file protein35.cif (mmCIF, C-alpha atoms and all ligand atoms)
data_upload
#
loop_
_atom_site.label_atom_id
_atom_site.label_comp_id
_atom_site.auth_asym_id
_atom_site.auth_seq_id
_atom_site.Cartn_x
_atom_site.Cartn_y
_atom_site.Cartn_z
CA MET A 1 -13.77 21.40 19.09
CA ALA A 2 -15.87 19.15 21.37
CA LYS A 3 -14.80 15.51 21.65
CA PRO A 4 -16.76 13.28 19.24
CA THR A 5 -19.57 11.37 20.92
CA LYS A 6 -19.56 7.61 21.42
CA GLU A 7 -22.21 7.25 18.68
CA LYS A 8 -20.06 9.15 16.20
CA LEU A 9 -16.94 7.16 17.04
CA LEU A 10 -18.80 3.86 16.66
CA GLU A 11 -20.22 5.03 13.34
CA TRP A 12 -16.73 5.87 12.07
CA TYR A 13 -15.50 2.51 13.35
CA ARG A 14 -18.36 0.83 11.49
CA GLN A 15 -17.50 2.58 8.23
CA MET A 16 -13.78 1.87 8.49
CA VAL A 17 -14.30 -1.81 9.29
CA LEU A 18 -16.78 -2.10 6.43
CA ILE A 19 -14.30 -0.54 3.99
CA ARG A 20 -11.49 -2.87 5.11
CA GLU A 21 -13.75 -5.92 4.80
CA PHE A 22 -15.02 -4.79 1.39
CA GLU A 23 -11.53 -4.09 0.05
CA GLU A 24 -9.98 -7.32 1.28
CA THR A 25 -12.92 -9.27 -0.12
CA CYS A 26 -12.41 -7.54 -3.49
CA ASN A 27 -8.77 -8.60 -3.38
CA ASN A 28 -9.82 -12.24 -2.99
CA LEU A 29 -12.55 -11.97 -5.62
CA TYR A 30 -10.03 -10.56 -8.09
CA ALA A 31 -7.62 -13.45 -7.41
CA GLN A 32 -10.52 -15.84 -8.11
CA LYS A 33 -11.40 -13.92 -11.31
CA ARG A 34 -14.86 -13.15 -9.94
CA ILE A 35 -13.93 -9.47 -10.31
CA THR A 36 -12.14 -8.94 -13.61
CA GLY A 37 -10.71 -5.97 -15.50
CA VAL A 38 -7.15 -4.75 -15.83
CA TYR A 39 -6.95 -3.04 -12.49
CA LEU A 40 -8.25 -2.75 -8.97
CA HIS A 41 -6.74 -0.29 -6.48
CA LEU A 42 -7.47 -0.96 -2.84
CA TYR A 43 -7.96 1.56 -0.04
CA SER A 44 -6.89 -0.72 2.85
CA GLY A 45 -4.80 1.30 5.31
CA GLN A 46 -6.21 4.67 4.25
CA GLU A 47 -9.71 4.32 5.72
CA ALA A 48 -9.40 7.08 8.33
CA VAL A 49 -8.81 9.73 5.67
CA GLY A 50 -11.96 9.03 3.67
CA VAL A 51 -14.19 8.41 6.67
CA GLY A 52 -12.97 11.33 8.82
CA ALA A 53 -13.14 13.78 5.93
CA ILE A 54 -16.51 12.79 4.46
CA ALA A 55 -18.17 12.76 7.91
CA ASN A 56 -18.11 16.58 7.73
CA LEU A 57 -20.15 16.87 4.56
CA ARG A 58 -23.81 17.62 3.97
CA PRO A 59 -25.78 15.77 1.28
CA ASP A 60 -25.57 18.81 -1.05
CA ASP A 61 -21.75 18.88 -0.82
CA HIS A 62 -19.70 17.09 -3.46
CA VAL A 63 -17.00 14.41 -3.41
CA ILE A 64 -14.58 13.50 -6.17
CA THR A 65 -11.55 11.23 -6.12
CA ALA A 66 -9.20 9.14 -8.25
CA TYR A 67 -9.28 5.38 -8.80
CA ARG A 68 -8.88 4.26 -5.15
CA ASP A 69 -12.55 5.05 -4.93
CA HIS A 70 -14.52 2.16 -3.41
CA GLY A 71 -13.63 3.16 0.14
CA THR A 72 -14.56 6.75 -0.56
CA ALA A 73 -17.88 5.70 -2.10
CA LEU A 74 -18.70 3.57 0.95
CA ALA A 75 -17.86 6.47 3.28
CA ARG A 76 -20.21 8.67 1.23
CA GLY A 77 -22.99 6.17 1.90
CA VAL A 78 -23.27 4.50 -1.49
CA ASP A 79 -24.90 1.06 -1.14
CA PRO A 80 -22.23 -1.69 -0.91
CA LYS A 81 -24.41 -3.97 -3.06
CA LEU A 82 -24.42 -1.50 -5.93
CA ILE A 83 -20.68 -0.89 -5.61
CA MET A 84 -19.96 -4.63 -5.64
CA ALA A 85 -22.24 -5.09 -8.65
CA GLU A 86 -20.29 -2.35 -10.45
CA MET A 87 -17.00 -4.07 -9.55
CA MET A 88 -18.32 -7.24 -11.18
CA GLY A 89 -19.56 -5.37 -14.24
CA LYS A 90 -23.25 -6.07 -13.57
CA LYS A 91 -26.27 -4.20 -14.84
CA THR A 92 -27.33 -3.35 -11.26
CA GLY A 93 -24.06 -1.55 -10.52
CA THR A 94 -23.78 2.18 -9.81
CA SER A 95 -22.91 2.83 -13.46
CA GLY A 96 -24.83 -0.07 -14.94
CA GLY A 97 -21.67 -2.18 -14.96
CA LYS A 98 -19.97 0.03 -17.53
CA GLY A 99 -17.63 1.87 -15.17
CA GLY A 100 -16.00 -0.79 -13.03
CA SER A 101 -13.79 -0.19 -10.04
CA MET A 102 -12.13 2.99 -11.32
CA HIS A 103 -15.34 4.75 -12.36
CA LEU A 104 -17.75 4.46 -9.48
CA ALA A 105 -20.13 7.37 -9.29
CA SER A 106 -23.48 8.10 -7.70
CA ARG A 107 -25.33 11.22 -8.72
CA GLU A 108 -27.76 10.81 -5.83
CA HIS A 109 -24.84 11.13 -3.38
CA ASN A 110 -23.06 13.92 -5.25
CA PHE A 111 -20.26 11.41 -5.53
CA TRP A 112 -18.70 12.17 -8.90
CA GLY A 113 -16.21 9.28 -9.09
CA GLY A 114 -13.77 7.59 -9.78
CA TYR A 115 -11.07 8.75 -12.38
CA ALA A 116 -8.19 6.80 -13.84
CA ILE A 117 -6.17 9.65 -15.32
CA VAL A 118 -3.86 10.83 -12.55
CA GLY A 119 -4.96 14.34 -11.55
CA GLY A 120 -7.60 14.36 -14.30
CA HIS A 121 -10.40 14.90 -11.79
CA LEU A 122 -8.92 18.10 -10.36
CA PRO A 123 -10.17 20.36 -13.17
CA LEU A 124 -13.56 18.65 -12.77
CA ALA A 125 -13.56 19.63 -9.08
CA VAL A 126 -13.01 23.23 -10.19
CA GLY A 127 -15.96 23.00 -12.57
CA ILE A 128 -18.23 21.44 -9.94
CA ALA A 129 -17.28 24.17 -7.43
CA MET A 130 -18.14 26.94 -9.87
CA GLU A 131 -21.83 26.05 -9.68
CA PRO A 132 -22.42 26.82 -5.98
CA ARG A 133 -20.15 29.88 -6.14
CA TYR A 134 -22.00 31.22 -9.20
CA ASN A 135 -25.47 30.51 -7.80
CA ASP A 136 -24.75 31.85 -4.30
CA LYS A 137 -25.08 28.49 -2.59
CA ASP A 138 -22.74 27.36 0.16
CA ALA A 139 -22.04 23.76 -0.92
CA VAL A 140 -18.39 22.65 -0.96
CA VAL A 141 -16.37 20.18 -3.00
CA LEU A 142 -14.07 17.71 -1.25
CA CYS A 143 -11.41 16.57 -3.71
CA PHE A 144 -9.05 13.73 -2.79
CA ILE A 145 -5.62 13.89 -4.48
CA GLY A 146 -2.78 11.35 -4.51
CA ASP A 147 0.72 12.53 -3.62
CA GLY A 148 1.82 11.54 -7.13
CA ALA A 149 -0.97 13.61 -8.67
CA SER A 150 0.40 16.70 -6.94
CA ASN A 151 3.22 16.73 -9.50
CA ASN A 152 1.31 17.01 -12.72
CA GLY A 153 -0.05 19.97 -14.60
CA TYR A 154 -3.68 19.46 -13.63
CA PHE A 155 -2.74 20.08 -10.01
CA HIS A 156 -1.11 23.42 -10.77
CA GLU A 157 -3.86 24.64 -13.08
CA SER A 158 -6.68 23.57 -10.80
CA LEU A 159 -5.30 24.85 -7.51
CA ASN A 160 -4.36 28.13 -9.11
CA MET A 161 -7.80 28.63 -10.66
CA SER A 162 -9.55 27.72 -7.41
CA ALA A 163 -7.46 30.36 -5.63
CA ILE A 164 -8.10 33.21 -8.04
CA TRP A 165 -11.84 32.47 -8.10
CA ASN A 166 -12.10 31.70 -4.34
CA LEU A 167 -13.83 28.43 -5.09
CA PRO A 168 -15.29 26.35 -2.24
CA ILE A 169 -12.93 23.39 -2.50
CA VAL A 170 -11.14 21.35 0.13
CA TRP A 171 -8.12 19.89 -1.64
CA LEU A 172 -7.15 16.85 0.44
CA ILE A 173 -3.85 15.21 -0.50
CA GLU A 174 -3.68 11.58 0.59
CA ASN A 175 0.06 11.20 0.92
CA ASN A 176 0.37 7.42 1.11
CA VAL A 177 4.17 7.68 0.67
CA TYR A 178 4.20 6.24 -2.86
CA GLY A 179 3.05 6.99 -6.38
CA MET A 180 3.13 3.46 -7.82
CA GLY A 181 6.58 2.32 -6.56
CA THR A 182 8.19 5.77 -6.27
CA ARG A 183 8.56 7.39 -2.86
CA VAL A 184 7.36 10.95 -2.45
CA GLU A 185 10.84 12.33 -1.76
CA ASP A 186 12.06 10.82 -5.05
CA ALA A 187 9.24 12.43 -7.02
CA SER A 188 8.68 15.80 -5.34
CA GLY A 189 11.22 18.62 -5.03
CA GLN A 190 9.20 19.76 -2.01
CA PRO A 191 8.09 16.56 -0.26
CA GLU A 192 6.06 18.48 2.34
CA LEU A 193 3.19 18.70 -0.06
CA TYR A 194 0.97 21.09 1.91
CA LYS A 195 3.59 23.81 1.31
CA ARG A 196 2.43 23.96 -2.31
CA ALA A 197 -0.46 26.07 -1.04
CA ASP A 198 1.94 29.03 -0.71
CA SER A 199 2.48 29.06 -4.48
CA TYR A 200 -1.20 29.83 -4.99
CA GLY A 201 -1.73 32.16 -2.03
CA MET A 202 -4.00 29.48 -0.62
CA LYS A 203 -4.87 28.67 2.97
CA THR A 204 -3.42 25.41 4.27
CA LEU A 205 -3.99 23.47 7.48
CA GLY A 206 -0.64 21.73 7.04
CA ARG A 207 0.13 18.05 7.36
CA ILE A 208 -2.13 15.91 9.53
CA ASP A 209 -2.04 12.32 10.78
CA GLY A 210 -4.16 10.47 8.25
CA GLN A 211 -4.30 7.36 10.45
CA ASN A 212 -6.21 9.15 13.16
CA VAL A 213 -9.82 9.57 12.12
CA ILE A 214 -10.49 12.13 14.88
CA GLU A 215 -7.64 14.35 13.72
CA VAL A 216 -8.75 14.06 10.09
CA HIS A 217 -12.33 14.90 11.03
CA GLU A 218 -11.31 17.95 13.00
CA ALA A 219 -9.00 19.39 10.34
CA VAL A 220 -11.45 18.82 7.51
CA SER A 221 -14.23 20.33 9.61
CA GLN A 222 -12.25 23.58 9.85
CA ALA A 223 -11.39 23.41 6.17
CA VAL A 224 -15.03 22.87 5.14
CA ASP A 225 -16.18 25.83 7.25
CA TYR A 226 -13.56 28.04 5.62
CA ALA A 227 -14.28 26.80 2.10
CA ARG A 228 -18.03 27.43 2.43
CA THR A 229 -17.53 31.13 2.87
CA ASP A 230 -13.98 32.10 1.95
CA GLY A 231 -12.36 29.81 -0.60
CA PRO A 232 -10.06 26.84 -1.15
CA VAL A 233 -7.97 25.10 1.48
CA LEU A 234 -5.20 22.53 1.08
CA ILE A 235 -4.56 19.74 3.59
CA GLU A 236 -2.03 16.92 3.42
CA ALA A 237 -2.96 13.72 5.27
CA LEU A 238 -0.08 11.32 5.84
CA THR A 239 -1.26 7.75 5.36
CA TYR A 240 -0.14 4.39 3.96
CA ARG A 241 -1.56 1.81 1.61
CA TYR A 242 -1.30 -1.79 2.68
CA ARG A 243 -1.58 -3.40 -0.73
CA GLY A 244 0.46 -2.96 -3.90
CA HIS A 245 -0.40 -0.01 -6.14
CA GLY A 246 -3.00 -2.20 -7.86
CA VAL A 247 -3.86 -5.84 -7.24
CA SER A 248 -1.73 -6.95 -10.18
CA ASP A 249 1.38 -5.18 -8.90
CA ARG A 250 4.22 -6.84 -7.12
CA GLN A 251 3.68 -6.07 -3.46
CA TYR A 252 6.80 -5.08 -1.56
CA ASP A 253 10.38 -6.22 -1.47
CA ASP A 254 11.94 -7.31 1.83
CA ARG A 255 12.98 -3.80 2.80
CA LEU A 256 9.51 -2.45 2.26
CA SER A 257 7.79 -5.30 4.05
CA GLU A 258 9.44 -4.07 7.28
CA GLU A 259 7.96 -0.66 6.61
CA LEU A 260 4.55 -2.21 5.93
CA GLU A 261 4.68 -4.22 9.16
CA HIS A 262 5.54 -1.07 11.06
CA TRP A 263 2.47 0.78 9.74
CA LYS A 264 0.17 -2.19 10.30
CA THR A 265 1.41 -2.72 13.85
CA TYR A 266 1.69 0.85 15.11
CA GLN A 267 -0.32 3.01 12.73
CA ASP A 268 -3.37 1.00 11.76
CA PRO A 269 -6.33 3.41 11.65
CA ILE A 270 -8.89 0.83 12.79
CA THR A 271 -6.75 -0.33 15.73
CA ILE A 272 -6.05 3.29 16.72
CA LEU A 273 -9.75 4.14 16.76
CA GLY A 274 -10.73 0.86 18.48
CA ASN A 275 -8.17 1.51 21.26
CA HIS A 276 -9.39 5.07 21.66
CA ILE A 277 -12.99 3.91 22.02
CA LYS A 278 -11.99 1.26 24.58
CA GLU A 279 -10.00 3.79 26.60
CA ARG A 280 -12.82 6.33 26.70
CA PHE A 281 -15.83 4.10 27.26
CA LYS A 282 -16.56 1.03 29.35
CA ASN A 283 -17.85 -2.31 28.06
CA VAL A 284 -17.58 -1.46 24.37
CA GLU A 285 -15.80 -4.65 23.25
CA LYS A 286 -19.16 -6.24 22.41
CA ASP A 287 -20.17 -3.23 20.30
CA LEU A 288 -16.92 -3.40 18.35
CA GLN A 289 -17.29 -7.14 17.77
CA ARG A 290 -20.89 -6.72 16.67
CA ILE A 291 -19.81 -4.07 14.16
CA GLU A 292 -17.14 -6.41 12.79
CA HIS A 293 -19.66 -9.28 12.37
CA GLU A 294 -22.16 -6.98 10.70
CA ALA A 295 -19.53 -5.74 8.25
CA ARG A 296 -18.78 -9.33 7.20
CA ASP A 297 -22.50 -9.98 6.65
CA ILE A 298 -22.99 -6.76 4.65
CA VAL A 299 -20.10 -7.62 2.35
CA LYS A 300 -21.27 -11.24 1.94
CA ASP A 301 -24.74 -9.98 0.99
CA ALA A 302 -23.18 -7.53 -1.45
CA VAL A 303 -21.22 -10.33 -3.15
CA ASP A 304 -24.35 -12.52 -3.39
CA TYR A 305 -26.36 -9.65 -4.80
CA ALA A 306 -23.70 -8.86 -7.39
CA GLU A 307 -23.26 -12.47 -8.44
CA GLN A 308 -26.98 -12.98 -8.88
CA SER A 309 -27.37 -9.77 -10.89
CA PRO A 310 -27.59 -9.91 -14.69
CA ALA A 311 -24.82 -8.73 -16.98
CA PRO A 312 -25.55 -5.67 -19.16
CA GLY A 313 -27.24 -6.52 -22.46
CA TYR A 314 -26.93 -5.13 -25.97
CA GLU A 315 -29.29 -2.23 -25.18
CA ASP A 316 -26.89 -1.19 -22.39
CA LEU A 317 -23.98 -1.13 -24.79
CA ILE A 318 -25.58 1.68 -26.73
CA SER A 319 -27.32 3.53 -23.87
CA ASN A 320 -25.93 6.65 -22.12
CA VAL A 321 -23.34 7.16 -24.82
CA TYR A 322 -24.76 10.41 -26.20
CA VAL A 323 -27.11 12.89 -24.56
CA LYS A 324 -29.92 13.90 -26.90
C1 LIG B 1 -1.78 11.16 -16.45
C2 LIG B 1 -1.38 9.80 -15.97
N1 LIG B 1 -0.08 9.49 -15.87
C3 LIG B 1 0.29 8.27 -15.42
C4 LIG B 1 -0.65 7.33 -15.08
C5 LIG B 1 -0.22 5.97 -14.54
N2 LIG B 1 -0.43 5.97 -13.09
C6 LIG B 1 -1.55 5.42 -12.56
S1 LIG B 1 -1.58 5.59 -10.91
C7 LIG B 1 -0.12 6.38 -10.86
C8 LIG B 1 0.47 6.82 -9.54
C9 LIG B 1 -0.31 7.87 -8.85
O1 LIG B 1 0.08 7.95 -7.50
P1 LIG B 1 -0.68 8.80 -6.44
O2 LIG B 1 -1.22 10.04 -7.06
O3 LIG B 1 0.23 8.98 -5.28
O4 LIG B 1 -1.94 7.91 -6.01
P2 LIG B 1 -2.00 6.53 -5.21
O5 LIG B 1 -2.00 5.43 -6.25
O6 LIG B 1 -0.83 6.44 -4.32
O7 LIG B 1 -3.29 6.54 -4.49
C10 LIG B 1 0.42 6.50 -12.14
C11 LIG B 1 1.71 7.14 -12.43
C12 LIG B 1 -2.01 7.67 -15.23
N3 LIG B 1 -3.01 6.83 -14.92
N4 LIG B 1 -2.35 8.93 -15.66
MG MG B 2 0.34 7.95 -3.50
#
call {"tool": "encode", "arguments": {"input": "protein35.cif", "output": "structure tokens"}}
result
Amino acid sequence: MAKPTKEKLLEWYRQMVLIREFEETCNNLYAQKRITGVYLHLYSGQEAVGVGAIANLRPDDHVITAYRDHGTALARGVDPKLIMAEMMGKKTGTSGGKGGSMHLASREHNFWGGYAIVGGHLPLAVGIAMEPRYNDKDAVVLCFIGDGASNNGYFHESLNMSAIWNLPIVWLIENNVYGMGTRVEDASGQPELYKRADSYGMKTLGRIDGQNVIEVHEAVSQAVDYARTDGPVLIEALTYRYRGHGVSDRQYDDRLSEELEHWKTYQDPITILGNHIKERFKNVEKDLQRIEHEARDIVKDAVDYAEQSPAPGYEDLISNVYVK
């Protein structure tokens, strides 16, 4: 595969920096009770997976994920203002303020959310993928899966069905080492999660470095090409989340903070990409700094927009509940 161009690399850098800025701002807003709700799950540390994978998709392709969904929504091009308004429960949000952080969705982007039930979105990915297969279209579904979700029944049922029906799905496991506080090797008999593909006779591209956006992009590009014509593919991206499971969770004990520091220092996806850009191209420091400033401004504007937006009213309480 040809090396990504400077423009592409800067665009990925822009998206990753924007996601980090957005997520860390949400963390602060939650602490200040400006974002409320029982939970908020941040994507900081995992940016290269969402950005590298989604960069391969066409507008008619589909994306679905679990509750660590704001980063994914941003990578899919959903307006940060509308996402922030949804986080604050405002009428202008992507779901009119009725979904919140775990239920972001945008029909216009074929971004189907945002699900809180672990693995519950996998059968939905199967259903979404049946439409293009049935109607002879070549759209694909990119489904993000947590490592923890790979141990429940939905995973088995959905991967198996996608294999027997040759559905156009890229199953992308984001192995961020933990499901809540439990390490993968304490929860999975086979901790090399991509090997599960064998059980379903499914193609796999193995385990990739989820902190390297170029590697993620390349692997998912191959997977998307295969899925469009032949059927499902499983990939495992090894990554790491920087924050606790959710913002209300105790972060890390002393032993784990060493591990966290290691990932932040040596495996940070934004630093890795920034260094790569600086090594390959001359005089790019200014571009990178400009991107970082712009991300701060975009997020500030999103917060202002959300705060100035109205809350849903009574009519919203009873709208979109039933389809006539
Ligand atoms: C069916 C179900 N069981 C348990 C939970 C509680 N729960 C929420 S997140 C989570 C861990 C999932 O971990 P993983 O799939 O690795 O995703 P990550 O949070 O690491 O992104 C659990 C057990 C739930 N929401 N749904
Ligand atoms: Mg996990």
call {"tool": "atom_distance", "arguments": {"input": "protein35.cif", "atom1": "CA of Gln289 (chain A)", "atom2": "CA of Pro80 (chain A)"}}
result
20.1 Å
call {"tool": "residues_near_ligand", "arguments": {"input": "protein35.cif", "ligand": "ligand MG 2 (chain B)", "cutoff": "10 Å", "atoms": "only C-alpha atoms and all ligand atoms", "output": "number ranges by chain"}}
result
A: 145-150, 173-184, 238-241, 245
call {"tool": "closest_residue", "arguments": {"input": "protein35.cif", "among": "A:Glu24, A:Glu285, A:Asp79, A:Asp249", "to": "ligand LIG 1 (chain B)", "atoms": "all atoms listed in the file"}}
result
A:Asp249
call {"tool": "closest_residue", "arguments": {"input": "protein35.cif", "among": "A:Gly71, A:Gly246, A:Gly210, A:Gly89", "to": "ligand LIG 1 (chain B)", "atoms": "only C-alpha atoms and all ligand atoms"}}
result
A:Gly246
call {"tool": "axis_aligned_box", "arguments": {"input": "protein35.cif", "around": "ligand LIG 1 (chain B)", "padding_each_side": "3 Å", "output": "AutoDock Vina command-line options"}}
result
--center_x -0.8 --center_y 8.3 --center_z -10.4 --size_x 11.0 --size_y 11.7 --size_z 18.1
call {"tool": "residues_around", "arguments": {"input": "protein35.cif", "residues": "Leu172 (chain A)", "least_positions_apart": "6", "cutoff": "7 Å", "atoms": "all atoms listed in the file", "output": "MDAnalysis selection string"}}
result
chainID A and resid 143:145 234:236
call {"tool": "atom_distance", "arguments": {"input": "protein35.cif", "atom1": "CA of Asp209 (chain A)", "atom2": "CA of Tyr226 (chain A)"}}
result
20.2 Å
call {"tool": "closest_residue", "arguments": {"input": "protein35.cif", "among": "A:Asn135, A:Asn152, A:Ser44, A:Thr5", "to": "ligand LIG 1 (chain B)", "atoms": "all atoms listed in the file"}}
result
A:Asn152
call {"tool": "closest_residue", "arguments": {"input": "protein35.cif", "among": "A:Leu122, A:Ala302, A:Val321, A:Ala116", "to": "ligand LIG 1 (chain B)", "atoms": "all atoms listed in the file"}}
result
A:Ala116
call {"tool": "residues_around", "arguments": {"input": "protein35.cif", "residues": "Ile272 (chain A)", "least_positions_apart": "5", "cutoff": "9 Å", "atoms": "all atoms listed in the file", "output": "compact mmCIF listing (two decimals) with C-alpha atoms, in the frame of the given file"}}
result
# COMPACT_ATOMS: atom_id res chain seq x y z
CA GLN A 211 -4.30 7.36 10.45
CA ASN A 212 -6.21 9.15 13.16
CA VAL A 213 -9.82 9.57 12.12
CA TYR A 266 1.69 0.85 15.11
CA GLN A 267 -0.32 3.01 12.73
CA ILE A 277 -12.99 3.91 22.02
call {"tool": "closest_residue", "arguments": {"input": "protein35.cif", "among": "A:Tyr322, A:Tyr200, A:Tyr305, A:Tyr242", "to": "Glu23 (chain A)", "atoms": "only C-alpha atoms"}}
result
A:Tyr242
call {"tool": "residues_near_point", "arguments": {"input": "protein35.cif", "point": "(-18.9, 7.5, -1.4)", "cutoff": "9 Å", "atoms": "only C-alpha atoms", "output": "list in words"}}
result
Gly50, Ile54, Val63, Ile64, Asp69, His70, Gly71, Thr72, Ala73, Leu74, Ala75, Arg76, Gly77, Val78, Asp79, Leu104, Ala105, Ser106, His109, Asn110, Phe111, Trp112 and Gly113 of chain A
call {"tool": "atom_distance", "arguments": {"input": "protein35.cif", "atom1": "CA of Met16 (chain A)", "atom2": "CA of Ile35 (chain A)"}}
result
22.0 Å
call {"tool": "closest_residue", "arguments": {"input": "protein35.cif", "among": "A:Asp186, A:Asp316, A:Asp301, A:Asp225", "to": "ligand LIG 1 (chain B)", "atoms": "all atoms listed in the file"}}
result
A:Asp186
